[in-house]
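For reference, the structure discussed in these notes is given below.
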Amino acid sequence: MQTPRERLLKVLNGKTPDRLPWFGDLSYWHYYMSIRGKLDKKYIGAEGLLKLHKDLGPGFYYPGYYPYTPIYKNCEVTEVEKNIGISSSFYKGTAYSDTIYRGYKKGIRKIKDTTNNDHIREVITPLGSIKERWLYAESSLSWAPSKYFIKSANDLKILDYWLKNTSFEPECKQLSIMKDLIGDWGCIVCNLNKSPLMDLIHWYAGITTTIYLMFDNRKEFIDIIKTLEIKAEETTKIALESPADFMLVPDNLHSDLVGKNLFEEFLKPYYMKYSNNAKKAGKYSSIHMDGGLKGLLKEISKINFSVIEAMTPKPAGDLSLDEIDDYVTSDSVIWGGIPGVLFTHAISDSDFEEFVIKVIRKMTTRPKYVLGIADQIPPDGIIERIRKVTELVEKYGIYKNN
């Protein structure tokens, strides 16, 4: 019997494994249960998360890790210190870090504030200051922006100064540890920066302000996109030299947010460069695309990413699995297939099983798929359904031509 990693590599190389590869991201559920104190002791920490995967069956892919440390100079960056704890150093530097921003940071001045866990950060430069606030949701242990750094074109020069005075140093120790720990049970996924446009939308300005800047302050907008691209190239160089197997652009791409015009002008050139560089470095390239698919999937397919990850079909997405297959005309592997909502109590056990069997039967027609959760099992998800997927893969996951 092949290991999860062996099955994955077979599909990535256009060959047929003994069974359909099945990989599940259990990190959000694991993190939530850790913070709530509800996690069985045997599943605590990095070794515990791996054991959880092994006990339930899916292959393990390390949650998006940023393999670099931002270092700020010639400016002061302050950040409110929050009360929410991190269950283990395992989550440092990942999407579940106690800072909402990427990775560790040097040059941050922490400010005590015990009133709430909102993420509040201010950057003070010789050109002025900018400030952001992300509101904390206790129910989901997550944050959402209420105030972005950029409110008008006047703030762009401050952001530009801050970015140009930010450098990066490698921080790959945890990746090396996890690579040795995981072995043949999975792979290491390393996050890159978002593409410059998506970086501006997500981290700094929001969609409304970004669009206004694009039309009303074209020169300043293009200048900041160029600076973001330079920074992305710096961090990508570090990532390509890391021990990770996969390079992931975490754009969470949604075709209702970014249309074809923006894609052609701002995203496609970045994606083409990144995927080519990953291939030259002997890495697999991937993009996280868990939103609306219909408007951009054909264009994404032409980039020739190794993997299009977190593909979410109907009823949560806007395309059926058969339609997704028609849209992806390249050799890119389709990773996903089971919407996260199916792991909740809103779906009956029988409906869940029926849906998963249908997906498995489609995915075993040819070695072009990796069965996965699109994109994660939620905190209130029924964790035993992960084991059920494993059982269904064992029963139905043999390829039709075998």
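Labeling convention for the structure tokens: chains A, B, ... as they appear, residues from 1 per chain, ligands from 1 in order of appearance.
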
Segment 184-258 of chain A near segment 64-73 of chain A within 9 Å: what's each residue's closest atom pair and its distance in Å to one decimal, counting only C-alpha atoms, ordered by chain then ascending residue number, as JSON lines?
```
{"residue": "A:Ile188", "atom": "CA", "partner": "A:Gly64", "partner_atom": "CA", "distance": 8.5}
{"residue": "A:Val189", "atom": "CA", "partner": "A:Gly64", "partner_atom": "CA", "distance": 5.9}
{"residue": "A:Cys190", "atom": "CA", "partner": "A:Tyr65", "partner_atom": "CA", "distance": 5.1}
{"residue": "A:Asn191", "atom": "CA", "partner": "A:Gly64", "partner_atom": "CA", "distance": 5.1}
{"residue": "A:Leu192", "atom": "CA", "partner": "A:Tyr66", "partner_atom": "CA", "distance": 6.7}
{"residue": "A:Asn193", "atom": "CA", "partner": "A:Tyr66", "partner_atom": "CA", "distance": 8.4}
{"residue": "A:Thr235", "atom": "CA", "partner": "A:Tyr68", "partner_atom": "CA", "distance": 7.0}
{"residue": "A:Ile238", "atom": "CA", "partner": "A:Tyr68", "partner_atom": "CA", "distance": 7.0}
{"residue": "A:Ala239", "atom": "CA", "partner": "A:Pro67", "partner_atom": "CA", "distance": 6.1}
{"residue": "A:Ser242", "atom": "CA", "partner": "A:Pro67", "partner_atom": "CA", "distance": 7.2}
{"residue": "A:Leu248", "atom": "CA", "partner": "A:Gly64", "partner_atom": "CA", "distance": 7.8}
{"residue": "A:Pro250", "atom": "CA", "partner": "A:Gly64", "partner_atom": "CA", "distance": 8.3}
```

Residue set, segment 148-389 of chain A restricted to helix (DSSP H, G or I), as a PyMOL selection string: chain A and resi 153-164+173-185+196-216+218-240+260-280+297-301+321-327+340-343+349-363+384-389

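Using only C-alpha atoms, the shortest contact distance between His254 of chain A and any of A:Ile225, A:Ile377, A:Ile300, A:Leu293 is found at A:Leu293.
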
Would you give me, as a count of residues only, the residues in segment 171-353 of chain A that DSSP reads as strand (DSSP E or B)? 27

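You will find atom CA of Glu241 of chain A at 22.0 Å from atom CA of Ile308 of chain A.
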
Check the smallest atom-to-atom distance from each of A:Ile373, A:Ala244, A:Ala278, A:Val249 to Ser176 of chain A using only C-alpha atoms, then report the winner. A:Ala244

Contact residues around Leu297 of chain A with only C-alpha atoms at 8 Å, ignoring same-chain residues under 4 positions, as a compact mmCIF listing (two decimals) with N, CA and C atoms, in the first residue's frame:
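And here is the file that came out, part.txt:
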```txt
# COMPACT_ATOMS: atom_id res chain seq x y z
N LEU A 293 -15.65 30.36 -8.82
CA LEU A 293 -14.70 29.80 -9.78
C LEU A 293 -15.01 30.18 -11.22
N SER A 301 -6.40 28.18 -15.21
CA SER A 301 -5.95 26.91 -15.77
C SER A 301 -4.79 27.11 -16.75
N ILE A 324 -16.14 21.92 -13.19
CA ILE A 324 -14.76 22.28 -12.84
C ILE A 324 -13.79 21.56 -13.75
N TYR A 327 -13.56 23.17 -17.07
CA TYR A 327 -12.89 24.47 -17.05
C TYR A 327 -11.38 24.33 -16.96
N VAL A 328 -10.90 23.29 -16.30
CA VAL A 328 -9.45 23.10 -16.13
C VAL A 328 -8.95 22.25 -17.29
```

Which residue out of A:Ala310, A:Met289, A:Ala137, A:Ile108 has the minimum interatomic distance to Val123 of chain A when only C-alpha atoms are used? A:Ile108

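Between atom CA of Val370 of chain A and atom CA of Val11 of chain A the separation is 7.8 Å.
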
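Residues lying within 8 Å of Ile360 of chain A, counting only C-alpha atoms and ignoring same-chain neighbours fewer than 4 positions away, are A:Leu20, A:Val356, A:Thr364, A:Leu371, A:Val393, A:Tyr396, A:Gly397.
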
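Considering only C-alpha atoms, the residue among A:Lys362, A:Arg218, A:Lys314, A:Lys388 positioned nearest to Ser350 of chain A is A:Lys388.
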
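Residues with any atom within 10 Å of Met198 of chain A, counting only C-alpha atoms and excluding same-chain neighbours fewer than 3 positions away, are A:Asn193, A:Lys194, A:Ser195, A:Ile201, A:His202, A:Trp203, A:Tyr204, A:Ala205, A:Gly206, A:Ile207, A:Thr210, A:Ile225, A:Pro250, A:Asp251, A:Asn252, A:Leu253, A:Leu257, A:Val258, A:Phe266, A:Leu267.
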
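Separating atom CA of Leu181 of chain A from atom CA of Phe60 of chain A is a distance of 10.8 Å.
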
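Minimum atom-to-atom distances from A:Arg7, A:Thr208, A:Leu26, A:Thr166 to Val77 of chain A were compared using only C-alpha atoms, and the lowest value belongs to A:Thr166.
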